[in-house]
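Dumped work-v7.txt below, it's compact mmCIF, C-alpha atoms:
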# COMPACT_ATOMS: atom_id res chain seq x y z
CA MET A 1 64.15 48.76 73.95
CA ARG A 2 61.80 46.08 75.20
CA THR A 3 59.45 48.02 77.45
CA HIS A 4 59.17 50.63 74.76
CA LYS A 5 57.80 48.08 72.33
CA ASN A 6 55.48 46.50 74.88
CA ARG A 7 54.09 49.88 75.73
CA PHE A 8 53.10 50.61 72.18
CA THR A 9 51.44 47.28 71.48
CA VAL A 10 49.43 47.51 74.64
CA LEU A 11 48.54 51.11 73.98
CA GLY A 12 47.39 50.27 70.48
CA LEU A 13 44.90 47.80 71.93
CA LEU A 14 43.93 50.25 74.62
CA ALA A 15 43.22 52.97 72.08
CA LEU A 16 40.49 50.82 70.60
CA GLY A 17 38.86 50.39 73.96
CA ALA A 18 39.14 54.09 74.60
CA LEU A 19 37.52 54.93 71.30
CA VAL A 20 34.51 52.77 72.01
CA GLY A 21 34.30 54.30 75.45
CA LEU A 22 34.55 57.79 74.05
CA MET A 23 31.70 57.21 71.63
CA ALA A 24 29.48 55.99 74.40
CA TYR A 25 30.58 59.03 76.34
CA THR A 26 29.47 61.59 73.76
CA GLN A 27 26.39 59.83 72.41
CA GLN A 28 24.54 59.55 75.68
CA ALA A 29 21.44 61.73 76.00
CA LYS A 30 22.62 62.83 79.44
CA PRO A 31 26.30 63.61 79.79
CA LEU A 32 28.12 61.08 81.95
CA ASP A 33 29.85 62.32 85.03
CA PRO A 34 33.45 62.70 83.83
CA PHE A 35 34.94 61.38 87.09
CA GLU A 36 32.76 58.28 87.07
CA GLU A 37 33.60 57.73 83.41
CA ALA A 38 37.34 57.91 84.14
CA MET A 39 36.94 55.41 86.99
CA ARG A 40 34.96 53.09 84.73
CA GLN A 41 37.65 53.26 82.03
CA ARG A 42 40.39 52.69 84.60
CA GLN A 43 38.61 49.58 85.84
CA MET A 44 38.21 48.32 82.30
CA TYR A 45 41.93 48.74 81.58
CA LEU A 46 42.83 46.96 84.80
CA GLU A 47 40.51 44.05 84.10
CA THR A 48 41.62 43.70 80.48
CA PHE A 49 45.38 44.18 80.85
CA GLY A 50 46.10 43.87 84.55
CA ILE A 51 48.14 47.07 84.40
CA LEU A 52 47.44 50.77 83.89
CA PRO A 53 49.05 52.63 80.98
CA GLY A 54 50.67 55.13 83.36
CA GLU A 55 52.54 52.29 85.07
CA LEU A 56 54.05 51.30 81.73
CA PHE A 57 55.47 54.79 81.37
CA ALA A 58 56.85 54.63 84.91
CA GLU A 59 58.49 51.27 84.08
CA GLU A 60 60.10 52.74 81.02
CA GLY A 61 61.22 55.72 83.11
CA LYS A 62 62.83 53.37 85.61
CA GLU A 63 64.93 51.76 82.88
CA LEU A 64 66.02 55.17 81.63
CA PHE A 65 66.77 56.32 85.17
CA PHE A 66 69.32 53.52 85.56
CA ARG A 67 70.75 53.93 82.05
CA LYS A 68 74.30 55.24 81.92
CA GLY A 69 74.84 58.52 80.07
CA PRO A 70 77.93 59.50 78.05
CA SER A 71 79.65 60.38 81.37
CA GLY A 72 79.08 56.84 82.59
CA LYS A 73 76.69 58.01 85.30
CA THR A 74 73.05 57.16 85.90
CA LEU A 75 70.46 59.53 87.32
CA GLU A 76 71.17 58.08 90.77
CA GLU A 77 73.92 60.72 90.86
CA CYS A 78 71.39 63.57 90.53
CA ASP A 79 70.00 65.49 93.50
CA PHE A 80 66.26 65.86 92.91
CA GLY A 81 65.73 67.93 96.04
CA LYS A 82 66.43 65.64 98.98
CA GLY A 83 69.99 64.61 98.17
CA LYS A 84 71.57 62.24 95.65
CA GLY A 85 69.63 59.09 94.98
CA VAL A 86 66.59 60.06 97.10
CA LEU A 87 63.33 59.80 95.19
CA GLU A 88 60.81 59.30 98.00
CA GLY A 89 58.64 62.41 98.25
CA VAL A 90 60.80 64.67 96.06
CA TYR A 91 58.01 65.46 93.59
CA ALA A 92 55.92 66.83 96.47
CA ILE A 93 58.48 69.56 97.26
CA LEU A 94 59.16 70.71 93.68
CA PRO A 95 59.63 73.26 92.15
CA LYS A 96 62.48 74.40 94.38
CA TYR A 97 65.80 76.24 94.11
CA PHE A 98 68.92 74.20 93.28
CA LEU A 99 72.32 75.50 94.19
CA ASP A 100 74.20 73.62 91.47
CA SER A 101 72.14 75.00 88.57
CA ARG A 102 71.35 78.25 90.46
CA ARG A 103 67.83 77.93 89.22
CA VAL A 104 64.35 77.13 90.50
CA GLU A 105 63.37 73.90 88.78
CA ASP A 106 60.33 71.66 88.49
CA LEU A 107 60.86 67.92 88.20
CA GLU A 108 60.83 67.95 84.40
CA SER A 109 63.44 70.66 84.05
CA ARG A 110 65.50 69.04 86.82
CA VAL A 111 65.58 65.77 84.87
CA TYR A 112 66.53 67.74 81.75
CA THR A 113 69.30 69.56 83.65
CA CYS A 114 70.81 66.43 85.21
CA MET A 115 70.73 64.51 81.95
CA GLN A 116 73.11 67.23 80.72
CA THR A 117 75.21 68.17 83.74
CA VAL A 118 75.46 64.74 85.39
CA GLN A 119 75.01 62.32 82.51
CA GLY A 120 76.65 64.36 79.78
CA PHE A 121 73.89 64.28 77.17
CA LYS A 122 73.69 67.18 74.73
CA PRO A 123 70.33 68.98 74.69
CA ALA A 124 69.65 67.74 71.14
CA GLU A 125 70.10 64.13 72.30
CA ILE A 126 67.41 64.38 74.94
CA GLU A 127 64.04 63.16 73.80
CA ARG A 128 60.94 64.70 75.30
CA ASP A 129 59.35 61.25 75.70
CA GLU A 130 62.28 60.10 77.80
CA VAL A 131 62.03 63.08 80.13
CA LYS A 132 58.31 62.41 80.47
CA ALA A 133 58.87 58.76 81.34
CA ILE A 134 61.61 59.54 83.89
CA THR A 135 59.42 62.26 85.42
CA THR A 136 56.59 59.75 85.74
CA TYR A 137 58.87 57.23 87.41
CA ILE A 138 60.17 59.74 89.97
CA ALA A 139 56.70 61.24 90.59
CA SER A 140 55.37 57.76 91.37
CA PHE A 141 57.42 57.95 94.61
CA SER A 142 55.12 60.81 95.70
CA SER A 143 51.85 59.05 94.99
CA LYS A 144 49.18 60.48 97.34
CA ALA A 145 51.83 62.55 99.15
CA LYS A 146 50.85 65.81 100.76
CA ILE A 147 51.85 68.75 98.56
CA GLN A 148 54.68 70.59 100.31
CA VAL A 149 55.52 73.38 97.92
CA ALA A 150 56.27 76.47 100.00
CA PRO A 151 58.52 79.15 98.46
CA LYS A 152 61.17 80.31 100.96
CA HIS A 153 64.42 81.01 99.12
CA PRO A 154 64.43 84.50 97.53
CA ALA A 155 64.63 82.89 94.07
CA GLU A 156 61.57 80.78 94.90
CA LEU A 157 59.65 83.79 96.15
CA ALA A 158 60.53 85.71 92.99
CA MET A 159 59.42 82.74 90.88
CA TYR A 160 56.13 82.51 92.80
CA ASN A 161 55.45 86.21 92.10
CA LEU A 162 56.20 85.72 88.42
CA GLY A 163 53.86 82.74 88.37
CA ARG A 164 51.09 84.80 89.92
CA GLU A 165 51.62 87.51 87.30
CA LEU A 166 51.43 84.96 84.47
CA TRP A 167 48.34 83.49 86.09
CA TYR A 168 46.51 86.82 85.76
CA THR A 169 47.87 87.86 82.34
CA ARG A 170 45.09 88.24 79.81
CA ALA A 171 46.31 87.93 76.27
CA GLY A 172 45.68 86.54 72.82
CA ALA A 173 42.60 86.41 70.60
CA ARG A 174 40.52 84.81 73.38
CA ASP A 175 41.26 87.49 75.98
CA MET A 176 41.92 84.73 78.51
CA SER A 177 44.03 84.26 81.60
CA CYS A 178 44.36 81.19 83.79
CA ALA A 179 42.67 83.13 86.59
CA VAL A 180 39.39 83.93 84.85
CA CYS A 181 38.61 80.26 84.32
CA HIS A 182 40.42 78.63 87.24
CA ASP A 183 39.57 81.19 89.97
CA GLN A 184 36.49 83.21 89.03
CA TYR A 185 34.61 80.29 87.49
CA ALA A 186 36.03 77.33 89.40
CA GLY A 187 33.28 74.79 89.98
CA GLN A 188 31.69 75.57 86.60
CA ARG A 189 32.15 73.65 83.36
CA VAL A 190 33.68 74.43 79.97
CA ARG A 191 31.47 72.25 77.81
CA LEU A 192 31.46 69.07 79.93
CA SER A 193 34.78 69.61 81.71
CA PRO A 194 34.63 70.79 85.32
CA VAL A 195 37.24 73.40 86.22
CA ARG A 196 39.11 73.57 89.54
CA SER A 197 41.01 76.33 91.31
CA PRO A 198 44.43 75.93 92.94
CA LYS A 199 42.68 76.13 96.30
CA GLN A 200 40.62 73.11 95.23
CA GLY A 201 43.79 71.19 94.38
CA LEU A 202 44.34 72.12 90.71
CA GLY A 203 47.43 70.37 89.37
CA ASN A 204 47.52 67.50 91.87
CA GLU A 205 46.90 64.73 89.33
CA TRP A 206 49.88 64.99 86.97
CA PRO A 207 51.66 63.10 85.47
CA ALA A 208 48.56 61.29 84.26
CA TYR A 209 47.46 59.06 81.44
CA ARG A 210 44.56 60.71 79.59
CA PHE A 211 42.43 58.00 78.05
CA GLU A 212 40.61 60.41 75.73
CA GLU A 213 43.93 61.27 74.09
CA ASP A 214 45.71 57.96 74.73
CA LYS A 215 48.72 59.95 75.92
CA LEU A 216 50.69 60.62 79.04
CA TYR A 217 50.55 64.26 80.19
CA THR A 218 52.94 65.86 82.63
CA MET A 219 52.20 69.17 84.33
CA GLU A 220 54.09 71.01 81.58
CA ASP A 221 52.05 69.20 78.92
CA ARG A 222 48.85 70.12 80.75
CA ILE A 223 49.79 73.79 80.99
CA ASN A 224 50.60 73.80 77.27
CA PHE A 225 47.24 72.22 76.52
CA CYS A 226 45.43 75.08 78.28
CA TYR A 227 47.56 77.71 76.54
CA GLU A 228 46.78 76.22 73.14
CA SER A 229 43.08 76.01 73.91
CA ILE A 230 43.04 79.77 74.54
CA ALA A 231 44.86 80.61 71.29
CA ILE A 232 48.23 81.37 72.88
CA PRO A 233 51.14 79.45 71.26
CA LYS A 234 52.45 76.93 73.77
CA PRO A 235 55.64 77.92 75.61
CA GLU A 236 58.76 75.81 75.09
CA PHE A 237 59.32 72.98 77.58
CA TYR A 238 61.50 73.51 80.66
CA SER A 239 60.96 77.27 80.53
CA ASP A 240 60.47 79.47 83.56
CA VAL A 241 56.89 79.95 82.34
CA HIS A 242 56.04 76.37 83.34
CA ILE A 243 58.15 76.49 86.47
CA ALA A 244 56.63 79.76 87.69
CA LEU A 245 53.04 78.69 87.01
CA THR A 246 53.60 75.29 88.60
CA LEU A 247 55.16 76.86 91.67
CA TYR A 248 52.24 79.28 91.99
CA MET A 249 49.52 76.63 91.55
CA LEU A 250 51.09 74.02 93.81
CA ALA A 251 51.97 76.54 96.54
CA GLU A 252 48.31 77.61 96.60
CA ALA A 253 47.16 73.97 96.64
CA ALA A 254 49.62 73.27 99.48
CA LYS A 255 48.26 76.19 101.54
CA ALA A 256 44.81 74.65 101.21
CA GLY A 257 46.20 71.32 102.51
CA HIS A 258 45.87 69.21 99.34
CA SER A 259 47.65 65.96 98.49
CA PHE A 260 48.58 64.42 95.16
CA GLU A 261 46.37 61.77 93.63
CA GLU A 262 47.62 58.27 92.90
CA LEU A 263 50.58 58.98 90.59
CA PRO A 264 50.69 58.44 87.71
CA PHE A 265 47.00 59.29 87.66
CA PHE A 266 44.42 57.99 85.22
CA THR A 267 42.09 60.63 83.87
CA ARG A 268 39.94 61.73 80.92
CA MET B 1 75.31 118.66 62.39
CA LYS B 2 75.42 119.68 66.03
CA ARG B 3 71.67 120.13 66.04
CA LEU B 4 71.22 116.66 64.66
CA ALA B 5 73.45 115.18 67.36
CA VAL B 6 71.46 116.95 70.06
CA MET B 7 68.24 115.72 68.53
CA VAL B 8 69.49 112.15 68.37
CA ALA B 9 70.69 112.33 71.96
CA GLY B 10 67.29 113.74 72.92
CA LEU B 11 65.50 110.91 71.15
CA VAL B 12 67.70 108.34 72.82
CA LEU B 13 66.99 109.87 76.21
CA LEU B 14 63.28 109.97 75.45
CA GLY B 15 63.42 106.35 74.39
CA LEU B 16 65.17 105.41 77.61
CA GLY B 17 62.62 107.36 79.62
CA LEU B 18 59.71 105.64 77.91
CA SER B 19 61.13 102.16 78.00
CA GLN B 20 62.25 102.34 81.60
CA VAL B 21 60.66 99.24 83.09
CA SER B 22 60.58 98.04 86.66
CA PRO B 23 62.98 95.20 87.52
CA PHE B 24 59.95 92.94 88.01
CA ARG B 25 58.60 93.77 84.57
CA ALA B 26 62.03 93.20 83.03
CA ARG B 27 62.24 89.79 84.71
CA LEU B 28 58.73 88.91 83.55
CA GLU B 29 59.62 89.79 79.97
CA ALA B 30 62.73 87.60 80.19
CA VAL B 31 60.55 84.71 81.35
CA LEU B 32 58.15 85.27 78.46
CA HIS B 33 61.02 85.21 75.99
CA GLN B 34 62.21 81.93 77.50
CA GLY B 35 58.83 80.49 76.48
CA GLY B 36 59.84 81.02 72.86
CA HIS B 37 59.35 83.64 70.18
CA GLU B 38 55.72 82.97 69.28
CA PHE B 39 54.61 82.66 72.88
CA ALA B 40 56.37 85.89 73.87
CA GLN B 41 54.99 87.74 70.91
CA VAL B 42 51.37 87.02 71.83
CA MET B 43 51.88 87.56 75.56
CA LEU B 44 53.68 90.87 74.96
CA SER B 45 51.16 92.32 72.53
CA GLN B 46 48.33 92.87 74.97
CA ASP B 47 45.99 95.67 73.98
CA LYS B 48 45.12 98.39 76.46
CA GLY B 49 42.01 96.59 77.72
CA GLN B 50 43.84 93.31 78.35
CA ALA B 51 46.66 95.15 80.11
CA LEU B 52 44.23 96.97 82.43
CA CYS B 53 42.32 93.78 83.26
CA SER B 54 45.60 92.01 84.07
CA GLN B 55 46.89 94.89 86.15
CA TYR B 56 43.71 95.14 88.24
CA ARG B 57 43.11 91.37 88.42
CA ASP B 58 39.84 91.82 86.49
CA LYS B 59 38.38 94.29 89.02
CA LEU B 60 38.77 97.77 87.61
CA PRO B 61 38.63 100.72 90.02
CA ALA B 62 35.32 102.58 89.68
CA ASP B 63 36.88 105.73 88.19
CA LEU B 64 38.36 103.79 85.27
CA ILE B 65 35.15 102.03 84.27
CA PRO B 66 33.37 104.75 82.21
CA GLY B 67 36.46 105.36 80.06
CA PHE B 68 37.04 101.62 79.66
CA LEU B 69 33.46 101.00 78.51
CA ALA B 70 33.60 103.93 76.06
CA GLU B 71 36.86 102.66 74.54
CA GLN B 72 35.45 99.15 74.16
CA LYS B 73 32.27 100.50 72.57
CA ALA B 74 34.37 102.41 70.04
CA LEU B 75 35.85 99.08 68.85
CA ILE B 76 32.46 97.78 67.69
CA LYS B 77 31.87 97.62 63.93
CA TYR B 78 28.42 97.25 62.41
CA PRO B 79 27.22 95.58 59.18
CA GLN B 80 27.23 97.85 56.12
CA SER B 81 23.54 97.17 55.64
CA GLY B 82 22.85 98.53 59.12
CA LYS B 83 20.75 95.40 59.82
CA LEU B 84 21.60 94.01 63.27
CA LEU B 85 19.14 91.11 63.00
CA GLY B 86 20.35 88.60 60.38
CA ASP B 87 19.71 84.99 59.45
CA TRP B 88 19.25 82.68 62.44
CA LYS B 89 20.12 79.56 60.44
CA ASN B 90 23.61 80.81 59.69
CA GLY B 91 23.73 82.17 63.24
CA GLU B 92 23.31 78.66 64.59
CA LYS B 93 26.32 77.49 62.55
CA VAL B 94 28.50 80.30 63.90
CA PHE B 95 27.21 79.72 67.44
CA THR B 96 28.17 76.03 67.31
CA ASP B 97 31.50 76.34 65.44
CA PRO B 98 34.37 76.02 67.98
CA LYS B 99 36.56 78.26 65.76
CA ARG B 100 34.02 81.08 65.47
CA GLY B 101 31.29 81.48 68.10
CA ASN B 102 32.18 78.55 70.35
CA CYS B 103 29.24 79.70 72.45
CA TYR B 104 28.40 76.23 73.82
CA ALA B 105 31.75 76.21 75.62
CA CYS B 106 30.16 78.52 78.20
CA HIS B 107 26.40 78.76 77.53
CA ALA B 108 23.40 76.48 77.30
CA GLY B 109 21.58 77.12 73.99
CA VAL B 110 19.12 74.85 72.20
CA ALA B 111 17.53 72.82 74.98
CA SER B 112 18.36 69.44 73.40
CA GLU B 113 22.14 70.15 73.37
CA VAL B 114 23.40 68.77 76.67
CA ALA B 115 27.15 69.17 76.08
CA HIS B 116 27.26 72.81 77.11
CA GLY B 117 29.31 74.78 79.60
CA THR B 118 27.94 76.56 82.64
CA MET B 119 30.29 79.53 83.00
CA GLY B 120 27.90 81.93 81.25
CA PRO B 121 24.14 82.33 81.90
CA PRO B 122 21.88 79.96 79.89
CA LEU B 123 20.75 81.52 76.59
CA THR B 124 17.84 79.10 76.18
CA ASP B 125 14.63 81.11 75.51
CA TYR B 126 16.68 84.32 75.19
CA GLY B 127 14.06 85.52 72.65
CA GLN B 128 11.55 86.13 75.45
CA ARG B 129 13.00 89.63 75.66
CA GLY B 130 11.36 90.50 72.33
CA THR B 131 12.95 92.30 69.40
CA LEU B 132 12.72 95.96 70.37
CA GLU B 133 15.54 98.07 68.89
CA ALA B 134 17.22 98.43 72.32
CA VAL B 135 17.26 94.65 72.88
CA VAL B 136 18.63 93.98 69.40
CA ARG B 137 21.35 96.62 69.78
CA TYR B 138 22.39 95.42 73.23
CA THR B 139 22.56 91.80 72.05
CA TYR B 140 24.59 92.76 68.97
CA GLU B 141 27.07 94.88 70.91
CA LYS B 142 27.35 92.35 73.73
CA ILE B 143 28.23 89.54 71.33
CA TYR B 144 30.60 91.66 69.23
CA ASN B 145 32.40 93.08 72.26
CA ALA B 146 31.37 91.64 75.63
CA TRP B 147 33.69 94.09 77.42
CA ALA B 148 31.62 97.08 76.22
CA TYR B 149 29.11 96.08 78.93
CA VAL B 150 31.06 94.03 81.47
CA PRO B 151 34.72 95.11 81.81
CA CYS B 152 37.14 92.15 81.89
CA SER B 153 34.34 89.59 81.51
CA LEU B 154 35.30 85.97 80.93
CA MET B 155 33.34 86.27 77.67
CA TYR B 156 35.87 87.20 75.06
CA ARG B 157 35.52 89.90 72.42
CA GLY B 158 34.84 87.66 69.44
CA GLY B 159 33.96 90.46 67.02
CA VAL B 160 36.91 92.63 68.01
CA HIS B 161 39.30 89.73 67.42
CA GLY B 162 37.72 88.94 64.06
CA LEU B 163 36.51 85.47 65.08
CA PHE B 164 33.23 86.39 63.34
CA THR B 165 32.29 89.30 61.05
CA PRO B 166 29.68 92.02 61.74
CA GLU B 167 27.27 90.16 59.42
CA GLU B 168 27.84 86.91 61.33
CA THR B 169 27.26 88.79 64.57
CA ALA B 170 23.86 89.88 63.22
CA ASP B 171 23.18 86.22 62.40
CA LEU B 172 24.06 85.27 65.98
CA VAL B 173 21.64 87.95 67.23
CA ALA B 174 18.91 86.41 65.08
CA PHE B 175 19.72 82.94 66.43
CA LEU B 176 19.11 84.31 69.96
CA LEU B 177 16.09 86.53 69.20
CA ASP B 178 14.17 85.09 66.24
CA PRO B 179 10.97 83.39 67.50
CA ASN B 180 11.57 80.60 64.93
CA SER B 181 15.07 79.85 66.19
CA PRO B 182 15.38 76.50 68.01
CA ILE B 183 16.78 78.44 71.00
CA ASN B 184 13.26 79.81 71.51
CA ARG B 185 11.24 76.69 70.62
CA ARG B 186 10.90 73.45 72.53

Please lay out the structure from this file as structure tokens.
Amino acid sequence: MRTHKNRFTVLGLLALGALVGLMAYTQQAKPLDPFEEAMRQRQMYLETFGILPGELFAEEGKELFFRKGPSGKTLEECDFGKGKGVLEGVYAILPKYFLDSRRVEDLESRVYTCMQTVQGFKPAEIERDEVKAITTYIASFSSKAKIQVAPKHPAELAMYNLGRELWYTRAGARDMSCAVCHDQYAGQRVRLSPVRSPKQGLGNEWPAYRFEEDKLYTMEDRINFCYESIAIPKPEFYSDVHIALTLYMLAEAAKAGHSFEELPFFTR
Amino acid sequence: MKRLAVMVAGLVLLGLGLSQVSPFRARLEAVLHQGGHEFAQVMLSQDKGQALCSQYRDKLPADLIPGFLAEQKALIKYPQSGKLLGDWKNGEKVFTDPKRGNCYACHAGVASEVAHGTMGPPLTDYGQRGTLEAVVRYTYEKIYNAWAYVPCSLMYRGGVHGLFTPEETADLVAFLLDPNSPINRR
């Protein structure tokens, strides 16, 4: 696939730039402000390549979106929350309850569902990277949109309550829960990384390209990253764990009136 | 034979009684299992302290606190030598190691290290408290099991979870208290 190949050559070059940037980042006597550093890197990528890495993923996602599955259908036949074929603003209202799957789904699990039920792929045929790219493409239609996640359906309310419970669950060999870091100590730093609470908009910048890792992260990837960093094995993708936590975080961010960043975002 | 059957029935009933979970709890457990075997296993094997902190959202009711502190204190193990003040040089290694102490994630330490977190109070110049027995003991127990002093603290129970040994805990104490440690010199 052409875009696929382009993406990797460009990213290979970018990785070099990122590495140099990262060394400057950690060798400074005074730590750089991480937001300023991300903006500086973003500018550098734009000037050097004229395109941001996240946009390459979105491009690839677009191609996959219009690819026919074994059933002969493309993802245009999938309802992502506002009816078949509508992409504008759907990411801003997810996770929500879907009648056809009788399940509350976030965008990633919705893509995974429709690739099976609409397009006829078998689960084993669905690559994680493809779901990530398609998610990035669809989320780009909610760039800077106001977050409108508000649980109403009984299944959504139940999912929100489960998310809140997971949020406060302390477990593992680090005794951690999402809440201790992201509520009690929001505004403080772990090492050099500033931590936000849902009320401060936590979760509003995914999917994003993380230059420090040279990888695209979706919300599910980001949740897994935090679980791993607190010594809890990461939950499997498209599970209710991700959906419940995402619903909880984004509903809280919505109550506080937050909007998404430019999507896909560019971050550290 | 009959007696055995009655006993078995009794055990089954007892088991049912004990394992009777609320519908919410049952649903939560199903969600955890969806996350996969390893994830569920860790999330479902909370110890009593973790379960209480989760249940009360990290704010224990006053009447539970004395019992909680006593139970946490009972989890503390001490070095065989009885020495709670070890070797600060090794202490610095444990303090810095992300897999063992990982203390810089949350605390400032040696003044020249700028890549430190701010969630815990700065430990720079901690040695100003002196090395009286009470200070040494408090520091040892705090590091080994932070919850023996502050229930449900963000600071995790590194000693209890075996991230460092009692001897390494004594080395960490020395890193904080020894007047020659770089934490106390500028």

For chain A, report every residue with an atom at most 7 Å from chain B (counting all atoms listed in the file), formatted as a PyMOL selection string.
chain A and resi 30-31+162+168-175+180+185+188-192+232-236+239-241

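Note that the spacing between atom CA of A:Val118 and atom CA of A:Lys96 amounts to 18.5 Å.
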
Identify, on the basis of only C-alpha atoms, every residue whose closest approach to A:Phe66 does not exceed 12 Å; exclude the query and any residue fewer than 4 positions from it along the same chain; express the result as JSON, numbers by chain.
{"A": [59, 60, 61, 62, 72, 73, 74, 75, 76, 77, 78, 85, 115, 119, 134, 137, 138]}

So which residues touch A:Ser143 within 12 Å, counting only C-alpha atoms, skipping near sequence neighbours fewer than 5 positions away, as a PyMOL selection string?
chain A and resi 87-92+136-138+204-208+259-265

Within 9 Å of A:Glu220, counting only C-alpha atoms, which residues show up once you throw out same-chain ones fewer than 6 positions away? Write them as a ChimeraX atom specification, please.
/A:108,237-238,242-243,246

Record the distance separating atom CA of A:Glu125 and atom CA of A:Tyr97, expressed in Å with one decimal.
25.3 Å

Find the spatial neighbours of stretch 73-76 of chain B, counting all atoms listed in the file, within a cut-off of 7 Å - ignore same-chain residues fewer than 3 positions away - and output them as a VMD selection string.
chain B and resid 69 to 70 141 144 to 145 148 160

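Note that the spacing between atom CA of A:Ser193 and atom CA of B:Arg100 amounts to 19.9 Å.
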
List as a PyMOL selection string the protein and nucleic acid residues near B:Asp171, meaning an atom at most 10 Å away when all atoms listed in the file are counted, but skip any in the same chain fewer than 3 places from it.
chain B and resi 83-95+140+165-168+174-178

Selected residues written out with C-alpha atoms, as a PDB file, in the frame of the given file:
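Final output, result_39.pdb:
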ATOM      1  CA  LYS B  83      20.750  95.400  59.820  1.00  0.00           C
ATOM      2  CA  LEU B  84      21.600  94.010  63.270  1.00  0.00           C
ATOM      3  CA  LEU B  85      19.140  91.110  63.000  1.00  0.00           C
ATOM      4  CA  GLY B  86      20.350  88.600  60.380  1.00  0.00           C
ATOM      5  CA  ASP B  87      19.710  84.990  59.450  1.00  0.00           C
ATOM      6  CA  TRP B  88      19.250  82.680  62.440  1.00  0.00           C
ATOM      7  CA  LYS B  89      20.120  79.560  60.440  1.00  0.00           C
ATOM      8  CA  ASN B  90      23.610  80.810  59.690  1.00  0.00           C
ATOM      9  CA  GLY B  91      23.730  82.170  63.240  1.00  0.00           C
ATOM     10  CA  GLU B  92      23.310  78.660  64.590  1.00  0.00           C
ATOM     11  CA  LYS B  93      26.320  77.490  62.550  1.00  0.00           C
ATOM     12  CA  VAL B  94      28.500  80.300  63.900  1.00  0.00           C
ATOM     13  CA  PHE B  95      27.210  79.720  67.440  1.00  0.00           C
ATOM     14  CA  TYR B 140      24.590  92.760  68.970  1.00  0.00           C
ATOM     15  CA  THR B 165      32.290  89.300  61.050  1.00  0.00           C
ATOM     16  CA  PRO B 166      29.680  92.020  61.740  1.00  0.00           C
ATOM     17  CA  GLU B 167      27.270  90.160  59.420  1.00  0.00           C
ATOM     18  CA  GLU B 168      27.840  86.910  61.330  1.00  0.00           C
ATOM     19  CA  ALA B 174      18.910  86.410  65.080  1.00  0.00           C
ATOM     20  CA  PHE B 175      19.720  82.940  66.430  1.00  0.00           C
ATOM     21  CA  LEU B 176      19.110  84.310  69.960  1.00  0.00           C
ATOM     22  CA  LEU B 177      16.090  86.530  69.200  1.00  0.00           C
ATOM     23  CA  ASP B 178      14.170  85.090  66.240  1.00  0.00           C
TER      24      ASP B 178
END
